[in-house]
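Below: target_33.cif (mmCIF, C-alpha atoms)
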data_coords
#
loop_
_atom_site.group_PDB
_atom_site.id
_atom_site.type_symbol
_atom_site.label_atom_id
_atom_site.label_comp_id
_atom_site.auth_asym_id
_atom_site.auth_seq_id
_atom_site.Cartn_x
_atom_site.Cartn_y
_atom_site.Cartn_z
ATOM 1 C CA MET T 9 -72.827 101.156 132.269
ATOM 2 C CA VAL T 10 -69.392 101.487 130.684
ATOM 3 C CA LYS T 11 -66.732 98.831 131.016
ATOM 4 C CA GLU T 12 -63.569 98.413 129.032
ATOM 5 C CA CYS T 13 -63.613 95.460 126.721
ATOM 6 C CA PRO T 14 -61.291 92.662 127.951
ATOM 7 C CA ASN T 15 -60.734 91.212 124.480
ATOM 8 C CA ASN T 16 -57.198 91.618 123.162
ATOM 9 C CA ASP T 17 -58.262 92.117 119.556
ATOM 10 C CA MET T 18 -60.066 95.401 120.383
ATOM 11 C CA THR T 19 -58.455 98.638 121.330
ATOM 12 C CA GLU T 20 -58.331 99.606 124.975
ATOM 13 C CA ASN T 21 -60.465 102.708 124.419
ATOM 14 C CA MET T 22 -63.353 100.658 123.010
ATOM 15 C CA ILE T 23 -66.421 100.434 125.273
ATOM 16 C CA MET T 24 -68.920 97.604 125.285
ATOM 17 C CA ALA T 25 -72.696 97.441 125.363
ATOM 18 C CA PRO T 26 -74.444 97.037 128.747
ATOM 19 C CA PHE T 27 -75.382 93.423 127.923
ATOM 20 C CA GLU T 28 -71.764 92.551 127.181
ATOM 21 C CA ALA T 29 -70.567 94.272 130.341
ATOM 22 C CA LEU T 30 -73.164 92.508 132.461
ATOM 23 C CA TYR T 31 -72.915 88.986 131.029
ATOM 24 C CA ASP T 32 -69.325 89.163 129.751
ATOM 25 C CA ARG T 33 -70.294 87.891 126.297
ATOM 26 C CA ARG T 34 -71.515 89.395 123.068
ATOM 27 C CA CYS T 35 -75.194 90.099 122.619
ATOM 28 C CA ARG T 36 -76.697 87.979 119.849
ATOM 29 C CA SER T 37 -79.531 90.029 118.408
ATOM 30 C CA PRO T 38 -82.048 88.345 116.087
ATOM 31 C CA ILE T 39 -80.005 89.692 113.192
ATOM 32 C CA GLY T 40 -76.883 87.994 114.512
ATOM 33 C CA TRP T 41 -78.350 84.595 115.393
ATOM 34 C CA PHE T 42 -75.732 82.763 113.479
ATOM 35 C CA GLU T 43 -73.952 79.754 114.825
ATOM 36 C CA ILE T 44 -70.821 80.633 116.752
ATOM 37 C CA GLY T 45 -67.826 80.419 114.482
ATOM 38 C CA GLU T 46 -69.944 80.870 111.365
ATOM 39 C CA ALA T 47 -68.615 83.505 108.995
ATOM 40 C CA GLU T 48 -70.489 86.801 109.069
ATOM 41 C CA LEU T 49 -72.471 87.530 105.941
ATOM 42 C CA ILE T 50 -72.610 90.832 104.151
ATOM 43 C CA GLY T 51 -74.806 92.366 101.493
ATOM 44 C CA PRO T 52 -78.019 90.668 100.235
ATOM 45 C CA ASP T 53 -77.208 87.443 102.088
ATOM 46 C CA ILE T 54 -77.524 89.114 105.498
ATOM 47 C CA VAL T 55 -80.834 90.703 104.459
ATOM 48 C CA HIS T 56 -82.173 87.317 103.379
ATOM 49 C CA GLN T 57 -80.977 85.651 106.584
ATOM 50 C CA THR T 58 -82.484 88.454 108.682
ATOM 51 C CA MET T 59 -85.844 88.040 106.951
ATOM 52 C CA GLU T 60 -85.751 84.307 107.686
ATOM 53 C CA LYS T 61 -85.026 84.996 111.366
ATOM 54 C CA VAL T 62 -87.913 87.519 111.533
ATOM 55 C CA LYS T 63 -90.249 84.851 110.066
ATOM 56 C CA ILE T 64 -89.155 82.420 112.793
ATOM 57 C CA ILE T 65 -89.752 85.056 115.474
ATOM 58 C CA LYS T 66 -93.249 85.806 114.120
ATOM 59 C CA GLU T 67 -94.145 82.097 114.035
ATOM 60 C CA ARG T 68 -92.996 81.622 117.624
ATOM 61 C CA LEU T 69 -94.971 84.686 118.744
ATOM 62 C CA LYS T 70 -98.111 83.341 117.041
ATOM 63 C CA THR T 71 -97.614 79.988 118.771
ATOM 64 C CA ALA T 72 -97.197 81.675 122.174
ATOM 65 C CA GLN T 73 -100.288 83.841 121.601
ATOM 66 C CA SER T 74 -102.285 80.801 120.582
ATOM 67 C CA HIS T 75 -101.236 78.975 123.779
ATOM 68 C CA HIS T 76 -102.216 81.994 125.907
ATOM 69 C CA LYS T 77 -105.583 82.287 124.136
ATOM 70 C CA PHE T 78 -106.312 78.591 124.625
ATOM 71 C CA TYR T 79 -105.370 78.805 128.317
ATOM 72 C CA SER T 80 -107.648 81.796 128.930
ATOM 73 C CA ASP T 81 -110.523 80.456 126.785
ATOM 74 C CA VAL T 82 -110.659 77.243 128.826
ATOM 75 C CA ARG T 83 -111.378 79.275 131.956
ATOM 76 C CA ARG T 84 -113.752 81.768 130.315
ATOM 77 C CA ARG T 85 -117.484 81.291 130.064
ATOM 78 C CA ASP T 86 -120.129 83.240 128.221
ATOM 79 C CA LEU T 87 -122.392 85.308 130.436
ATOM 80 C CA GLU T 88 -125.728 86.706 129.423
ATOM 81 C CA PHE T 89 -127.614 89.380 131.305
ATOM 82 C CA LYS T 90 -131.156 90.630 131.041
ATOM 83 C CA GLU T 91 -132.436 94.067 131.874
ATOM 84 C CA ASP T 92 -132.692 94.625 135.661
ATOM 85 C CA ASP T 93 -130.288 91.746 136.454
ATOM 86 C CA TRP T 94 -128.093 92.503 139.473
ATOM 87 C CA VAL T 95 -124.487 92.130 138.202
ATOM 88 C CA VAL T 96 -122.447 94.097 140.862
ATOM 89 C CA GLY T 97 -121.524 92.637 144.325
ATOM 90 C CA ASP T 98 -123.849 92.401 147.340
ATOM 91 C CA PRO T 99 -126.749 94.935 147.162
ATOM 92 C CA PRO T 100 -126.726 95.818 150.890
ATOM 93 C CA ALA T 101 -123.013 96.602 150.633
ATOM 94 C CA ILE T 102 -123.652 99.447 148.220
ATOM 95 C CA ALA T 103 -124.603 102.708 149.870
ATOM 96 C CA PRO T 104 -126.851 105.094 147.957
ATOM 97 C CA VAL T 105 -124.749 108.046 146.897
ATOM 98 C CA GLU T 106 -127.494 110.514 147.815
ATOM 99 C CA THR T 107 -127.227 109.657 151.536
ATOM 100 C CA ILE T 108 -123.486 110.373 151.764
ATOM 101 C CA GLU T 109 -122.629 114.004 152.398
ATOM 102 C CA VAL T 110 -119.174 114.753 151.025
ATOM 103 C CA ASN T 111 -117.382 117.845 152.365
ATOM 104 C CA GLU T 112 -114.971 120.223 150.594
ATOM 105 C CA GLU T 113 -112.002 117.912 151.284
ATOM 106 C CA LEU T 114 -113.815 115.093 149.462
ATOM 107 C CA SER T 115 -114.306 113.073 152.634
ATOM 108 C CA TYR T 116 -117.348 112.285 154.737
ATOM 109 C CA GLU T 117 -118.058 111.788 158.409
ATOM 110 C CA GLU T 118 -119.022 108.335 159.585
ATOM 111 C CA ILE T 119 -122.168 108.538 161.699
ATOM 112 C CA PRO T 120 -122.961 105.772 164.198
ATOM 113 C CA VAL T 121 -126.393 104.220 163.812
ATOM 114 C CA ALA T 122 -126.595 101.741 166.686
ATOM 115 C CA ILE T 123 -124.726 100.002 169.463
ATOM 116 C CA LEU T 124 -124.507 96.287 168.718
ATOM 117 C CA ASP T 125 -122.635 95.022 171.763
ATOM 118 C CA ARG T 126 -120.876 96.103 174.958
ATOM 119 C CA GLN T 127 -117.870 94.649 176.762
ATOM 120 C CA VAL T 128 -115.721 95.545 179.750
ATOM 121 C CA ARG T 129 -112.014 94.702 179.693
ATOM 122 C CA LYS T 130 -110.332 94.376 183.058
ATOM 123 C CA LEU T 131 -106.748 95.507 183.455
ATOM 124 C CA LYS T 132 -104.716 95.390 186.682
ATOM 125 C CA ASN T 133 -106.340 98.363 188.404
ATOM 126 C CA LYS T 134 -108.862 99.618 185.892
ATOM 127 C CA GLU T 135 -111.796 98.579 183.755
ATOM 128 C CA ILE T 136 -112.283 99.811 180.204
ATOM 129 C CA ALA T 137 -115.782 99.712 178.716
ATOM 130 C CA SER T 138 -116.122 99.354 174.937
ATOM 131 C CA VAL T 139 -119.099 99.372 172.628
ATOM 132 C CA LYS T 140 -119.418 97.810 169.197
ATOM 133 C CA MET T 141 -120.684 100.545 166.871
ATOM 134 C CA LEU T 142 -122.623 100.058 163.642
ATOM 135 C CA TRP T 143 -121.826 102.925 161.279
ATOM 136 C CA GLN T 144 -124.059 104.482 158.643
ATOM 137 C CA ASN T 145 -123.376 103.196 155.109
ATOM 138 C CA GLN T 146 -121.497 100.173 156.509
ATOM 139 C CA GLN T 147 -122.435 96.536 156.969
ATOM 140 C CA VAL T 148 -122.538 94.751 160.327
ATOM 141 C CA GLU T 149 -119.212 93.075 159.465
ATOM 142 C CA LYS T 150 -117.580 96.524 159.405
ATOM 143 C CA ALA T 151 -118.752 97.422 162.938
ATOM 144 C CA THR T 152 -115.912 98.595 165.199
ATOM 145 C CA TRP T 153 -115.145 98.518 168.900
ATOM 146 C CA GLU T 154 -114.877 102.025 170.364
ATOM 147 C CA ALA T 155 -114.291 103.393 173.861
ATOM 148 C CA GLU T 156 -117.711 103.784 175.539
ATOM 149 C CA GLU T 157 -116.735 107.001 177.321
ATOM 150 C CA GLU T 158 -115.695 108.688 174.085
ATOM 151 C CA MET T 159 -118.839 107.584 172.255
ATOM 152 C CA LYS T 160 -121.057 108.889 175.101
ATOM 153 C CA LYS T 161 -119.448 112.324 174.734
ATOM 154 C CA LYS T 162 -119.778 112.450 170.941
ATOM 155 C CA TYR T 163 -123.108 110.643 170.474
ATOM 156 C CA PRO T 164 -125.133 110.789 173.724
ATOM 157 C CA TYR T 165 -128.427 110.075 171.884
ATOM 158 C CA LEU T 166 -127.309 106.471 171.280
ATOM 159 C CA PHE T 167 -127.137 105.767 175.024
ATOM 160 C CA GLU T 168 -130.613 107.047 175.967
#
Kindly present the structure from the file in structure tokens form.
Amino acid sequence: MVKECPNNDMTENMIMAPFEALYDRRCRSPIGWFEIGEAELIGPDIVHQTMEKVKIIKERLKTAQSHHKFYSDVRRRDLEFKEDDWVVGDPPAIAPVETIEVNEELSYEEIPVAILDRQVRKLKNKEIASVKMLWQNQQVEKATWEAEEEMKKKYPYLFE
């Protein structure tokens, strides 16, 4: 972002930094953290002052890190596991990889296992029958309602 500097003491062709253009004031970098109106230092004095400012920054960073560590340590607890302990989610929710047949497009076909429920919805002049399907490699909570007619065409063996 380029904006002409509004200050009278600078030439009109001078361009300002994005921070100055955005906030309409000079950017005070850690090197220039001097009090406003304080004379600018040159030579070894500015190096010494800069080193002092860097020390302050490091101390403040250490303090902030220490606060973050304390905050996370309070909520952390040590866990110990023995061989054969079950440490992943719910065992029935995990499908054995061997039973899933993945095709060339890296997807697999869901195969219905059973019909859990049946319902008929009545509209003005028509009735729509639906069945609740339990799918292979899925839990009962993941069962879906499907149109009965469509399921009879695709999977007639479930309706025998």
Length of the atom CA of Tyr163 of chain T to atom CA of Gln147 of chain T vector [Å]:
19.5 Å
What does the PyMOL selection byres ((chain T and resi 108-121) around 12) select in this file, as a VMD selection string?
chain T and resid 102 to 107 122 to 124 139 to 148 150 to 154 159 to 160 162 to 167
re atom CA of Ser138 of chain T and atom CA of Lys161 of chain T: distance 13.4 Å
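In this model, the gap between atom CA of Ile54 of chain T and atom CA of Pro26 of chain T comes to 24.8 Å.
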Residues returned when the PyMOL selection byres ((chain T and resi 128) around 12) runs on this file, as an MDAnalysis selection string:
chainID T and resid 125:127 129:131 134:140 153:157
